[in-house]
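Listing of work-v7.cif, mmCIF, C-alpha atoms
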```cif
data_run
#
loop_
_atom_site.group_PDB
_atom_site.id
_atom_site.type_symbol
_atom_site.label_atom_id
_atom_site.label_comp_id
_atom_site.auth_asym_id
_atom_site.auth_seq_id
_atom_site.Cartn_x
_atom_site.Cartn_y
_atom_site.Cartn_z
ATOM 1 C CA MET A 44 29.006 -43.936 -40.457
ATOM 2 C CA ARG A 45 28.882 -47.230 -38.565
ATOM 3 C CA LEU A 46 25.682 -47.821 -36.609
ATOM 4 C CA VAL A 47 25.650 -50.485 -33.929
ATOM 5 C CA THR A 48 23.078 -52.116 -31.675
ATOM 6 C CA PHE A 49 24.388 -53.024 -28.241
ATOM 7 C CA ARG A 50 22.940 -54.615 -25.137
ATOM 8 C CA SER A 51 22.503 -52.648 -21.929
ATOM 9 C CA ALA A 52 20.756 -53.089 -18.599
ATOM 10 C CA GLY A 53 17.789 -51.151 -19.941
ATOM 11 C CA GLY A 54 17.559 -53.147 -23.152
ATOM 12 C CA ALA A 55 19.103 -52.858 -26.602
ATOM 13 C CA ARG A 56 20.340 -49.418 -27.682
ATOM 14 C CA VAL A 57 21.650 -47.911 -30.904
ATOM 15 C CA GLY A 58 24.986 -46.136 -31.136
ATOM 16 C CA VAL A 59 27.470 -44.658 -33.560
ATOM 17 C CA VAL A 60 30.961 -46.145 -33.679
ATOM 18 C CA ASP A 61 33.775 -43.593 -33.414
ATOM 19 C CA GLY A 62 37.153 -45.322 -33.415
ATOM 20 C CA ASP A 63 37.306 -47.548 -30.346
ATOM 21 C CA GLU A 64 34.272 -45.871 -28.746
ATOM 22 C CA VAL A 65 30.505 -45.960 -29.245
ATOM 23 C CA ILE A 66 28.341 -42.870 -28.886
ATOM 24 C CA ASP A 67 25.096 -43.827 -27.171
ATOM 25 C CA LEU A 68 22.366 -42.174 -29.250
ATOM 26 C CA ALA A 69 19.844 -42.535 -26.432
ATOM 27 C CA GLY A 70 21.876 -39.912 -24.587
ATOM 28 C CA ALA A 71 23.337 -37.935 -27.485
ATOM 29 C CA ALA A 72 20.090 -37.603 -29.450
ATOM 30 C CA PRO A 73 17.215 -38.808 -27.226
ATOM 31 C CA ASP A 74 14.541 -37.803 -29.723
ATOM 32 C CA LEU A 75 15.777 -40.363 -32.256
ATOM 33 C CA PRO A 76 14.143 -43.801 -32.459
ATOM 34 C CA HIS A 77 15.841 -46.358 -30.241
ATOM 35 C CA ASP A 78 15.973 -49.314 -32.645
ATOM 36 C CA MET A 79 17.754 -49.627 -35.986
ATOM 37 C CA ALA A 80 14.775 -50.295 -38.236
ATOM 38 C CA SER A 81 12.889 -47.293 -36.849
ATOM 39 C CA LEU A 82 15.986 -45.114 -37.120
ATOM 40 C CA LEU A 83 16.352 -46.005 -40.790
ATOM 41 C CA ALA A 84 12.655 -45.400 -41.380
ATOM 42 C CA ALA A 85 12.939 -41.922 -39.834
ATOM 43 C CA GLY A 86 14.796 -40.842 -42.936
ATOM 44 C CA PRO A 87 17.745 -38.633 -43.897
ATOM 45 C CA ASP A 88 17.184 -36.007 -41.195
ATOM 46 C CA ALA A 89 17.395 -38.645 -38.468
ATOM 47 C CA MET A 90 20.547 -40.084 -40.012
ATOM 48 C CA GLN A 91 22.081 -36.633 -40.159
ATOM 49 C CA THR A 92 21.284 -36.107 -36.477
ATOM 50 C CA ALA A 93 22.998 -39.398 -35.666
ATOM 51 C CA ARG A 94 26.012 -38.405 -37.760
ATOM 52 C CA ALA A 95 26.236 -35.041 -36.011
ATOM 53 C CA ALA A 96 26.770 -36.842 -32.701
ATOM 54 C CA LEU A 97 30.258 -37.732 -33.930
ATOM 55 C CA THR A 98 31.280 -34.074 -33.633
ATOM 56 C CA ARG A 99 29.842 -33.489 -30.150
ATOM 57 C CA ARG A 100 32.472 -33.781 -27.460
ATOM 58 C CA GLU A 101 29.874 -33.976 -24.706
ATOM 59 C CA ALA A 102 28.069 -36.937 -26.309
ATOM 60 C CA PRO A 103 28.014 -39.968 -23.971
ATOM 61 C CA ARG A 104 30.590 -42.528 -25.053
ATOM 62 C CA ARG A 105 31.332 -46.118 -24.099
ATOM 63 C CA PRO A 106 34.421 -48.204 -24.900
ATOM 64 C CA LEU A 107 33.544 -50.456 -27.822
ATOM 65 C CA ALA A 108 35.444 -53.356 -26.260
ATOM 66 C CA SER A 109 33.230 -53.186 -23.160
ATOM 67 C CA LEU A 110 29.962 -53.617 -25.040
ATOM 68 C CA SER A 111 28.025 -56.741 -25.923
ATOM 69 C CA LEU A 112 27.014 -56.235 -29.537
ATOM 70 C CA ALA A 113 23.646 -57.467 -30.762
ATOM 71 C CA ALA A 114 22.483 -57.929 -34.328
ATOM 72 C CA PRO A 115 22.252 -54.449 -35.908
ATOM 73 C CA VAL A 116 18.591 -55.156 -36.786
ATOM 74 C CA LEU A 117 17.272 -57.260 -33.921
ATOM 75 C CA ARG A 118 14.248 -58.684 -35.701
ATOM 76 C CA PRO A 119 14.140 -57.839 -39.405
ATOM 77 C CA PRO A 120 10.635 -57.552 -40.870
ATOM 78 C CA LYS A 121 11.942 -59.800 -43.652
ATOM 79 C CA PHE A 122 15.201 -61.756 -43.926
ATOM 80 C CA LEU A 123 15.742 -62.664 -47.569
ATOM 81 C CA ALA A 124 18.678 -64.519 -49.067
ATOM 82 C CA ILE A 125 19.743 -65.649 -52.505
ATOM 83 C CA GLY A 126 21.234 -68.946 -53.612
ATOM 84 C CA LEU A 127 23.918 -69.666 -56.221
ATOM 85 C CA ASN A 128 24.901 -66.027 -56.717
ATOM 86 C CA TYR A 129 28.689 -66.305 -57.097
ATOM 87 C CA GLY A 130 30.069 -67.796 -60.280
ATOM 88 C CA ALA A 131 32.691 -69.863 -58.474
ATOM 89 C CA HIS A 132 30.150 -71.196 -55.964
ATOM 90 C CA VAL A 133 27.875 -72.284 -58.817
ATOM 91 C CA ALA A 134 30.827 -74.178 -60.294
ATOM 92 C CA GLU A 135 31.739 -75.948 -57.045
ATOM 93 C CA SER A 136 28.084 -76.879 -56.508
ATOM 94 C CA GLY A 137 27.807 -78.492 -59.949
ATOM 95 C CA ALA A 138 24.634 -76.516 -60.581
ATOM 96 C CA ALA A 139 23.530 -74.602 -63.653
ATOM 97 C CA ARG A 140 24.147 -70.864 -63.623
ATOM 98 C CA PRO A 141 20.804 -69.296 -62.663
ATOM 99 C CA GLU A 142 18.988 -67.185 -65.225
ATOM 100 C CA VAL A 143 16.874 -65.440 -62.583
ATOM 101 C CA PRO A 144 17.655 -64.768 -58.908
ATOM 102 C CA LEU A 145 16.935 -67.716 -56.604
ATOM 103 C CA PHE A 146 15.542 -66.144 -53.420
ATOM 104 C CA PHE A 147 14.380 -67.793 -50.219
ATOM 105 C CA ASN A 148 13.409 -66.712 -46.694
ATOM 106 C CA LYS A 149 15.376 -67.083 -43.512
ATOM 107 C CA GLN A 150 12.967 -66.768 -40.602
ATOM 108 C CA SER A 151 13.860 -63.708 -38.551
ATOM 109 C CA THR A 152 13.990 -65.754 -35.337
ATOM 110 C CA CYS A 153 17.320 -67.171 -36.546
ATOM 111 C CA VAL A 154 19.032 -63.791 -36.118
ATOM 112 C CA VAL A 155 21.753 -63.493 -33.481
ATOM 113 C CA GLY A 156 24.553 -61.056 -32.801
ATOM 114 C CA PRO A 157 27.972 -60.868 -34.447
ATOM 115 C CA PHE A 158 29.750 -62.739 -31.643
ATOM 116 C CA ASP A 159 26.949 -64.953 -30.338
ATOM 117 C CA GLU A 160 27.034 -68.739 -30.379
ATOM 118 C CA VAL A 161 25.783 -70.806 -33.316
ATOM 119 C CA GLN A 162 24.167 -74.121 -32.455
ATOM 120 C CA VAL A 163 24.470 -77.503 -34.119
ATOM 121 C CA PRO A 164 20.839 -78.605 -33.791
ATOM 122 C CA ALA A 165 19.793 -81.935 -32.356
ATOM 123 C CA ALA A 166 17.984 -82.650 -35.642
ATOM 124 C CA SER A 167 21.085 -82.673 -37.874
ATOM 125 C CA SER A 168 24.889 -82.622 -37.911
ATOM 126 C CA LEU A 169 25.203 -81.280 -41.472
ATOM 127 C CA VAL A 170 25.710 -77.638 -40.506
ATOM 128 C CA ASP A 171 27.599 -75.408 -42.934
ATOM 129 C CA TYR A 172 28.873 -71.825 -42.988
ATOM 130 C CA GLU A 173 28.239 -69.253 -45.729
ATOM 131 C CA GLY A 174 30.008 -65.916 -45.453
ATOM 132 C CA GLU A 175 27.943 -63.212 -47.127
ATOM 133 C CA LEU A 176 27.534 -59.500 -47.684
ATOM 134 C CA ALA A 177 24.078 -58.253 -46.708
ATOM 135 C CA PHE A 178 22.302 -54.952 -47.209
ATOM 136 C CA VAL A 179 19.512 -53.407 -45.142
ATOM 137 C CA ILE A 180 16.581 -51.508 -46.594
ATOM 138 C CA ALA A 181 16.004 -47.961 -45.332
ATOM 139 C CA ARG A 182 12.866 -46.881 -47.187
ATOM 140 C CA ARG A 183 9.519 -48.504 -47.874
ATOM 141 C CA CYS A 184 9.672 -49.117 -51.610
ATOM 142 C CA ARG A 185 8.157 -50.934 -54.574
ATOM 143 C CA HIS A 186 9.071 -51.114 -58.282
ATOM 144 C CA VAL A 187 12.580 -49.747 -57.773
ATOM 145 C CA PRO A 188 14.782 -49.824 -60.892
ATOM 146 C CA ALA A 189 18.351 -50.982 -60.413
ATOM 147 C CA THR A 190 19.560 -47.512 -61.367
ATOM 148 C CA ARG A 191 17.895 -46.081 -58.251
ATOM 149 C CA ALA A 192 18.270 -49.005 -55.869
ATOM 150 C CA SER A 193 21.114 -47.366 -53.969
ATOM 151 C CA GLU A 194 18.600 -44.759 -52.740
ATOM 152 C CA VAL A 195 16.671 -47.332 -50.683
ATOM 153 C CA ILE A 196 19.640 -49.119 -49.083
ATOM 154 C CA GLY A 197 20.475 -47.915 -45.577
ATOM 155 C CA GLY A 198 23.684 -49.840 -45.065
ATOM 156 C CA TYR A 199 25.697 -53.023 -45.342
ATOM 157 C CA MET A 200 26.825 -55.696 -42.899
ATOM 158 C CA VAL A 201 28.299 -59.189 -42.646
ATOM 159 C CA VAL A 202 26.072 -62.270 -42.447
ATOM 160 C CA ASN A 203 26.733 -65.949 -41.901
ATOM 161 C CA ASP A 204 23.937 -67.737 -43.760
ATOM 162 C CA VAL A 205 24.319 -70.862 -41.623
ATOM 163 C CA SER A 206 22.744 -73.810 -43.442
ATOM 164 C CA VAL A 207 21.549 -77.229 -42.328
ATOM 165 C CA ARG A 208 22.179 -79.039 -45.580
ATOM 166 C CA ASP A 209 19.934 -82.100 -45.298
ATOM 167 C CA TRP A 210 16.984 -79.961 -44.192
ATOM 168 C CA GLN A 211 17.800 -77.463 -46.953
ATOM 169 C CA PHE A 212 17.719 -79.965 -49.802
ATOM 170 C CA ARG A 213 14.750 -82.046 -48.711
ATOM 171 C CA SER A 214 12.467 -79.109 -49.568
ATOM 172 C CA PRO A 215 12.630 -76.974 -52.750
ATOM 173 C CA THR A 216 12.071 -73.741 -50.804
ATOM 174 C CA MET A 217 15.226 -74.186 -48.620
ATOM 175 C CA THR A 218 13.590 -72.135 -45.838
ATOM 176 C CA MET A 219 13.594 -74.920 -43.245
ATOM 177 C CA GLY A 220 17.293 -75.621 -43.693
ATOM 178 C CA LYS A 221 18.169 -71.948 -43.516
ATOM 179 C CA SER A 222 16.114 -70.906 -40.483
ATOM 180 C CA PHE A 223 17.207 -72.913 -37.445
ATOM 181 C CA ASP A 224 17.558 -70.795 -34.318
ATOM 182 C CA THR A 225 20.965 -69.006 -34.083
ATOM 183 C CA HIS A 226 21.655 -69.577 -37.792
ATOM 184 C CA GLY A 227 21.639 -65.916 -38.768
ATOM 185 C CA PRO A 228 24.610 -64.112 -37.190
ATOM 186 C CA THR A 229 24.781 -60.521 -38.462
ATOM 187 C CA GLY A 230 26.921 -57.469 -37.821
ATOM 188 C CA PRO A 231 29.170 -56.301 -36.431
ATOM 189 C CA TRP A 232 27.430 -53.039 -37.351
ATOM 190 C CA LEU A 233 25.641 -51.332 -40.206
ATOM 191 C CA VAL A 234 27.975 -49.371 -42.484
ATOM 192 C CA THR A 235 26.153 -46.618 -44.353
ATOM 193 C CA PRO A 236 26.576 -46.370 -48.140
ATOM 194 C CA ASP A 237 28.343 -43.005 -47.989
ATOM 195 C CA GLU A 238 31.137 -44.592 -45.936
ATOM 196 C CA LEU A 239 31.387 -47.924 -47.735
ATOM 197 C CA GLY A 240 31.129 -46.726 -51.321
ATOM 198 C CA ASP A 241 30.598 -49.285 -54.097
ATOM 199 C CA PRO A 242 29.672 -52.654 -52.534
ATOM 200 C CA HIS A 243 30.681 -54.550 -55.674
ATOM 201 C CA GLY A 244 34.406 -55.140 -55.273
ATOM 202 C CA LEU A 245 34.872 -55.929 -51.593
ATOM 203 C CA ARG A 246 37.087 -58.780 -50.428
ATOM 204 C CA LEU A 247 35.183 -61.411 -48.437
ATOM 205 C CA ARG A 248 36.991 -64.066 -46.398
ATOM 206 C CA THR A 249 35.809 -66.853 -44.108
ATOM 207 C CA TRP A 250 37.989 -68.785 -41.669
ATOM 208 C CA VAL A 251 37.058 -71.922 -39.736
ATOM 209 C CA ASN A 252 39.337 -72.493 -36.752
ATOM 210 C CA GLY A 253 41.862 -70.145 -38.352
ATOM 211 C CA GLU A 254 41.870 -71.989 -41.691
ATOM 212 C CA LEU A 255 40.942 -69.783 -44.658
ATOM 213 C CA ARG A 256 38.004 -71.429 -46.425
ATOM 214 C CA GLN A 257 36.477 -68.642 -48.536
ATOM 215 C CA ASP A 258 38.383 -65.841 -50.272
ATOM 216 C CA ALA A 259 36.567 -63.880 -52.964
ATOM 217 C CA THR A 260 35.394 -60.440 -53.966
ATOM 218 C CA THR A 261 31.842 -59.259 -54.403
ATOM 219 C CA ASP A 262 32.445 -58.447 -58.054
ATOM 220 C CA ASP A 263 31.849 -62.183 -58.641
ATOM 221 C CA LEU A 264 28.164 -61.686 -57.830
ATOM 222 C CA ILE A 265 25.938 -62.876 -60.662
ATOM 223 C CA PHE A 266 23.114 -60.544 -59.622
ATOM 224 C CA ASP A 267 24.464 -57.479 -57.842
ATOM 225 C CA CYS A 268 22.845 -55.687 -54.903
ATOM 226 C CA PHE A 269 20.960 -53.231 -57.052
ATOM 227 C CA ALA A 270 19.633 -55.892 -59.439
ATOM 228 C CA MET A 271 18.350 -57.774 -56.382
ATOM 229 C CA VAL A 272 16.386 -54.749 -55.195
ATOM 230 C CA GLU A 273 14.813 -54.353 -58.620
ATOM 231 C CA HIS A 274 13.855 -58.030 -58.785
ATOM 232 C CA LEU A 275 12.379 -58.217 -55.292
ATOM 233 C CA THR A 276 10.391 -54.991 -55.519
ATOM 234 C CA THR A 277 8.819 -56.131 -58.758
ATOM 235 C CA ALA A 278 6.816 -58.546 -56.617
ATOM 236 C CA PHE A 279 6.472 -57.039 -53.155
ATOM 237 C CA THR A 280 7.178 -54.067 -50.946
ATOM 238 C CA LEU A 281 10.474 -53.858 -49.098
ATOM 239 C CA GLU A 282 10.403 -52.093 -45.731
ATOM 240 C CA PRO A 283 12.903 -50.392 -43.426
ATOM 241 C CA GLY A 284 14.922 -53.012 -41.589
ATOM 242 C CA ASP A 285 14.501 -55.758 -44.187
ATOM 243 C CA VAL A 286 17.756 -57.693 -44.569
ATOM 244 C CA VAL A 287 18.895 -59.138 -47.897
ATOM 245 C CA ALA A 288 21.865 -61.522 -47.901
ATOM 246 C CA THR A 289 23.591 -61.538 -51.283
ATOM 247 C CA GLY A 290 24.942 -65.084 -51.569
ATOM 248 C CA THR A 291 28.115 -66.930 -50.675
ATOM 249 C CA PRO A 292 31.304 -67.513 -52.679
ATOM 250 C CA ALA A 293 33.112 -70.793 -53.242
ATOM 251 C CA GLY A 294 34.628 -72.663 -50.326
ATOM 252 C CA VAL A 295 31.653 -73.963 -48.362
ATOM 253 C CA GLY A 296 32.152 -77.121 -46.322
ATOM 254 C CA MET A 297 29.569 -79.107 -48.292
ATOM 255 C CA ALA A 298 31.616 -78.802 -51.499
ATOM 256 C CA MET A 299 34.847 -80.190 -50.014
ATOM 257 C CA THR A 300 35.994 -83.777 -50.498
ATOM 258 C CA PRO A 301 35.039 -85.165 -48.083
ATOM 259 C CA PRO A 302 32.546 -82.544 -46.852
ATOM 260 C CA ARG A 303 33.672 -80.633 -43.774
ATOM 261 C CA TYR A 304 30.729 -79.575 -41.666
ATOM 262 C CA LEU A 305 30.797 -77.520 -38.487
ATOM 263 C CA THR A 306 30.959 -79.263 -35.139
ATOM 264 C CA ALA A 307 30.791 -78.092 -31.545
ATOM 265 C CA GLY A 308 34.045 -76.381 -30.598
ATOM 266 C CA ASP A 309 34.593 -74.793 -34.012
ATOM 267 C CA SER A 310 34.904 -71.054 -34.566
ATOM 268 C CA VAL A 311 33.838 -69.230 -37.739
ATOM 269 C CA ARG A 312 35.149 -65.774 -38.614
ATOM 270 C CA ILE A 313 33.881 -63.798 -41.604
ATOM 271 C CA ASP A 314 35.509 -60.528 -42.663
ATOM 272 C CA ILE A 315 34.378 -58.162 -45.407
ATOM 273 C CA GLU A 316 36.597 -55.313 -46.547
ATOM 274 C CA GLY A 317 35.295 -51.916 -45.475
ATOM 275 C CA ILE A 318 32.750 -53.377 -43.071
ATOM 276 C CA GLY A 319 34.410 -55.530 -40.419
ATOM 277 C CA ALA A 320 34.184 -59.048 -39.036
ATOM 278 C CA ILE A 321 31.861 -61.323 -37.142
ATOM 279 C CA GLU A 322 33.068 -64.389 -35.273
ATOM 280 C CA ASN A 323 30.894 -67.112 -33.789
ATOM 281 C CA SER A 324 31.672 -70.139 -31.663
ATOM 282 C CA VAL A 325 29.837 -73.343 -32.551
ATOM 283 C CA VAL A 326 28.115 -75.268 -29.752
ATOM 284 C CA SER A 327 25.683 -78.155 -29.489
ATOM 285 C CA GLU A 328 22.034 -77.265 -29.099
ATOM 286 C CA PRO A 329 21.205 -77.546 -25.397
ATOM 287 C CA ALA A 330 18.970 -80.408 -24.345
ATOM 288 C CA THR A 331 15.752 -78.668 -23.354
ATOM 289 C CA THR A 332 12.099 -79.466 -22.847
ATOM 290 C CA PRO A 333 9.892 -78.170 -25.695
ATOM 291 C CA THR A 334 8.503 -74.762 -24.845
ATOM 292 C CA GLY A 335 5.024 -73.380 -25.373
ATOM 293 C CA LEU A 336 3.391 -76.791 -24.934
ATOM 294 C CA ASP A 337 1.192 -78.372 -22.311
ATOM 295 C CA PRO A 338 3.705 -80.386 -20.233
ATOM 296 C CA GLN A 339 1.570 -83.513 -20.674
ATOM 297 C CA LEU A 340 1.868 -83.179 -24.461
ATOM 298 C CA ALA A 341 5.598 -82.422 -24.544
ATOM 299 C CA THR A 342 8.120 -85.045 -25.517
ATOM 300 C CA THR A 343 11.890 -84.980 -25.182
ATOM 301 C CA ASP A 344 12.179 -87.283 -28.206
ATOM 302 C CA ALA A 345 12.528 -84.908 -31.174
ATOM 303 C CA SER A 346 12.096 -87.695 -33.730
ATOM 304 C CA THR A 347 8.846 -88.804 -32.106
ATOM 305 C CA ALA A 348 7.576 -85.218 -32.042
ATOM 306 C CA VAL A 349 8.254 -84.817 -35.773
ATOM 307 C CA SER A 350 6.786 -88.148 -36.845
ATOM 308 C CA SER A 351 3.590 -87.622 -34.884
ATOM 309 C CA SER A 352 2.877 -84.192 -36.335
#
```
For the file at hand, write its structure as structure tokens.
Amino acid sequence: MRLVTFRSAGGARVGVVDGDEVIDLAGAAPDLPHDMASLLAAGPDAMQTARAALTRREAPRRPLASLSLAAPVLRPPKFLAIGLNYGAHVAESGAARPEVPLFFNKQSTCVVGPFDEVQVPAASSLVDYEGELAFVIARRCRHVPATRASEVIGGYMVVNDVSVRDWQFRSPTMTMGKSFDTHGPTGPWLVTPDELGDPHGLRLRTWVNGELRQDATTDDLIFDCFAMVEHLTTAFTLEPGDVVATGTPAGVGMAMTPPRYLTAGDSVRIDIEGIGAIENSVVSEPATTPTGLDPQLATTDASTAVSSS
């Protein structure tokens, strides 16, 4: 089953993709939760109700092509990602192969939809793409062994772990360089495990302006999806709607000679076998007045604002 979040006049809604149509669950099963994280948290019975909508001829349907798709999980409780998790990417980075998973946070405010714009921020021009497989947690869980990790995963999707490289490497946590607004495109939908099957053997490809930059399979993961769940839940609780991005393969712009970073006007398409594709246009961050500040304290000079803090 493919579960999608789409925009409507009344706000975001969840649907089930059926070919070139989307069944609106707000009409087909109005008792179900109306956001993805809550739907996952409602458990197997809720998922079965959503699946049953596929067989109902009277269920309200909308043409998929007519919808504006949002991120499947609009605001994940946690957005976790892992660095240096493909053997070939470790090699191109010149780094040592990690002995333990290298996790960091992407702030959930970076999340945008599968076809939304990605901004080159005013603070840096070193913006890079990272095509990745991500999984979404369906059950609140702690201390989950790898052998049972599949039981807590609600589905899989495509992620672009957009990275601002200078901000990433100036801090050992990487969070700042991974969390700029619009730098978390996800989608196009959530594919449930029963439809996708084994996530460890899927072809992943990334194109920039039609040029193939990344071409790998997820069997090159150093720590697979289930090992990641075990590692994370050793320390803290994972919750429904948490997103975990599983790392990027070789072919990032930073590793090219010379480096090839994204600029306004570029387009990035990421496709994962069995899931689908996201595609995002790159634009310059709009020139705006800082928000949430007393107008007398605001400055339009970003460098001055940073240095005075």
What is the CA of Gly197 in chain A-CA of Gln162 in chain A distance in Å, reported with one decimal? 29.5 Å
Residues near range 104-107 of chain A, anyone? I mean within 9 Å using all atoms listed in the file, not counting same-chain ones fewer than 2 positions away, as number ranges by chain. A: 60-67, 71, 101-102, 109-112
When you draw a straight line from CA of Thr306 in chain A to CA of Ser327 in chain A, how long is it in Å?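 Those two atoms sit 7.8 Å apart.
For the choices A:Val234, A:Ile196, A:Ala139, A:Ala72, the atom-to-atom distance to Cys184 in chain A is smallest for A:Ile196 when using all atoms listed in the file.
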Find the residues near His77 in chain A: any atom within 8 Å, counting only C-alpha atoms, skip ones fewer than 2 places away on the same chain, and give them as a PyMOL selection string. chain A and resi 56-57+68-69+75+79+81-82
Could you list as an MDAnalysis selection string every residue that has an atom within 10 Å of (27.7, -56.7, -55.0), using the file's coordinates and counting all atoms listed in the file? chainID A and resid 128:129 176:178 241:245 260:271 289:290
Could you jot down the CA of Phe146 in chain A to CA of Lys221 in chain A separation for me, Å, one decimal place? 11.8 Å
Residues picked by the PyMOL selection byres ((chain A and resi 319) around 10) here, as a JSON list (two decimals) with C-alpha atoms, in the frame of the given file?
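New file expr.json:
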```json
[["chain", "number", "residue", "atom", "x", "y", "z"],
["A", 200, "MET", "CA", 26.82, -55.70, -42.90],
["A", 201, "VAL", "CA", 28.30, -59.19, -42.65],
["A", 230, "GLY", "CA", 26.92, -57.47, -37.82],
["A", 231, "PRO", "CA", 29.17, -56.30, -36.43],
["A", 232, "TRP", "CA", 27.43, -53.04, -37.35],
["A", 233, "LEU", "CA", 25.64, -51.33, -40.21],
["A", 234, "VAL", "CA", 27.98, -49.37, -42.48],
["A", 247, "LEU", "CA", 35.18, -61.41, -48.44],
["A", 313, "ILE", "CA", 33.88, -63.80, -41.60],
["A", 314, "ASP", "CA", 35.51, -60.53, -42.66],
["A", 315, "ILE", "CA", 34.38, -58.16, -45.41],
["A", 316, "GLU", "CA", 36.60, -55.31, -46.55],
["A", 317, "GLY", "CA", 35.30, -51.92, -45.48],
["A", 318, "ILE", "CA", 32.75, -53.38, -43.07],
["A", 320, "ALA", "CA", 34.18, -59.05, -39.04],
["A", 321, "ILE", "CA", 31.86, -61.32, -37.14]]
```
Do you know which residues the PyMOL selection byres ((chain A and resi 203) around 9) returns on this file, as a list in words? Tyr172, Glu173, Gly174, Glu175, Leu176, Val201, Val202, Asp204, Val205, Ser206, His226, Gly227, Pro228, Thr229, Ala288, Thr291, Val311, Ile313 and Ile321 of chain A
Quick check on the file I pasted: which residues fall under the PyMOL selection byres ((chain A and resi 329) around 10)? Write them as a ChimeraX atom specification. /A:162-165,326-328,330-332
Excluding Pro120 in chain A and residues on its chain fewer than 5 positions from it, collect all residues at most 8 Å away from it, counting all atoms listed in the file, and give them as a list in words.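 Counting only the stated atoms, we get Ser151, Glu282, Pro283, Gly284 and Asp285 of chain A.
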Build an axis-aligned box that encloses every atom of range 47-65 of chain A listed in the file, pad it by 6 Å on each side, and report its centre and edge lengths in Å to one decimal, as lines of an AutoDock Vina configuration file.
```
center_x = 27.4
center_y = -49.1
center_z = -26.3
size_x = 31.7
size_y = 23.0
size_z = 27.3
```
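Each of A:Pro115, A:Gly70, A:Pro236, A:Gly296 was checked against Leu255 in chain A using all atoms listed in the file; the smallest atom-to-atom distance is that of A:Gly296.
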Looking at A:Pro76, A:Pro292, A:Gly156, A:Gly137, which one is nearest to Phe49 in chain A, with distances taken over all atoms listed in the file? A:Gly156
Fix up range 184-199 of chain A with N, CA and C atoms, then write it as a PDB file, keeping the file's coordinate frame.
```
ATOM      1  N   CYS A 184       9.505 -49.327 -50.168  1.00  0.00           N
ATOM      2  CA  CYS A 184       9.672 -49.117 -51.610  1.00  0.00           C
ATOM      3  C   CYS A 184       9.080 -50.267 -52.416  1.00  0.00           C
ATOM      4  N   ARG A 185       8.698 -49.956 -53.629  1.00  0.00           N
ATOM      5  CA  ARG A 185       8.157 -50.934 -54.574  1.00  0.00           C
ATOM      6  C   ARG A 185       8.521 -50.462 -55.973  1.00  0.00           C
ATOM      7  N   HIS A 186       8.741 -51.396 -56.883  1.00  0.00           N
ATOM      8  CA  HIS A 186       9.071 -51.114 -58.282  1.00  0.00           C
ATOM      9  C   HIS A 186      10.279 -50.175 -58.400  1.00  0.00           C
ATOM     10  N   VAL A 187      11.367 -50.563 -57.763  1.00  0.00           N
ATOM     11  CA  VAL A 187      12.580 -49.747 -57.773  1.00  0.00           C
ATOM     12  C   VAL A 187      13.506 -50.232 -58.887  1.00  0.00           C
ATOM     13  N   PRO A 188      13.821 -49.394 -59.859  1.00  0.00           N
ATOM     14  CA  PRO A 188      14.782 -49.824 -60.892  1.00  0.00           C
ATOM     15  C   PRO A 188      16.183 -49.930 -60.309  1.00  0.00           C
ATOM     16  N   ALA A 189      16.991 -50.782 -60.907  1.00  0.00           N
ATOM     17  CA  ALA A 189      18.351 -50.982 -60.413  1.00  0.00           C
ATOM     18  C   ALA A 189      19.132 -49.675 -60.366  1.00  0.00           C
ATOM     19  N   THR A 190      18.835 -48.777 -61.301  1.00  0.00           N
ATOM     20  CA  THR A 190      19.560 -47.512 -61.367  1.00  0.00           C
ATOM     21  C   THR A 190      19.289 -46.604 -60.172  1.00  0.00           C
ATOM     22  N   ARG A 191      18.220 -46.888 -59.418  1.00  0.00           N
ATOM     23  CA  ARG A 191      17.895 -46.081 -58.251  1.00  0.00           C
ATOM     24  C   ARG A 191      17.911 -46.888 -56.955  1.00  0.00           C
ATOM     25  N   ALA A 192      18.328 -48.129 -57.036  1.00  0.00           N
ATOM     26  CA  ALA A 192      18.270 -49.005 -55.869  1.00  0.00           C
ATOM     27  C   ALA A 192      19.142 -48.518 -54.726  1.00  0.00           C
ATOM     28  N   SER A 193      20.236 -47.857 -55.033  1.00  0.00           N
ATOM     29  CA  SER A 193      21.114 -47.366 -53.969  1.00  0.00           C
ATOM     30  C   SER A 193      20.386 -46.394 -53.042  1.00  0.00           C
ATOM     31  N   GLU A 194      19.330 -45.738 -53.534  1.00  0.00           N
ATOM     32  CA  GLU A 194      18.600 -44.759 -52.740  1.00  0.00           C
ATOM     33  C   GLU A 194      17.786 -45.394 -51.612  1.00  0.00           C
ATOM     34  N   VAL A 195      17.512 -46.691 -51.701  1.00  0.00           N
ATOM     35  CA  VAL A 195      16.671 -47.332 -50.683  1.00  0.00           C
ATOM     36  C   VAL A 195      17.479 -48.230 -49.754  1.00  0.00           C
ATOM     37  N   ILE A 196      18.777 -48.297 -49.939  1.00  0.00           N
ATOM     38  CA  ILE A 196      19.640 -49.119 -49.083  1.00  0.00           C
ATOM     39  C   ILE A 196      20.214 -48.253 -47.974  1.00  0.00           C
ATOM     40  N   GLY A 197      20.005 -48.690 -46.722  1.00  0.00           N
ATOM     41  CA  GLY A 197      20.475 -47.915 -45.577  1.00  0.00           C
ATOM     42  C   GLY A 197      21.865 -48.275 -45.116  1.00  0.00           C
ATOM     43  N   GLY A 198      22.346 -49.449 -45.486  1.00  0.00           N
ATOM     44  CA  GLY A 198      23.684 -49.840 -45.065  1.00  0.00           C
ATOM     45  C   GLY A 198      23.965 -51.290 -45.363  1.00  0.00           C
ATOM     46  N   TYR A 199      25.202 -51.687 -45.031  1.00  0.00           N
ATOM     47  CA  TYR A 199      25.697 -53.023 -45.342  1.00  0.00           C
ATOM     48  C   TYR A 199      26.296 -53.651 -44.094  1.00  0.00           C
TER      49      TYR A 199
END
```
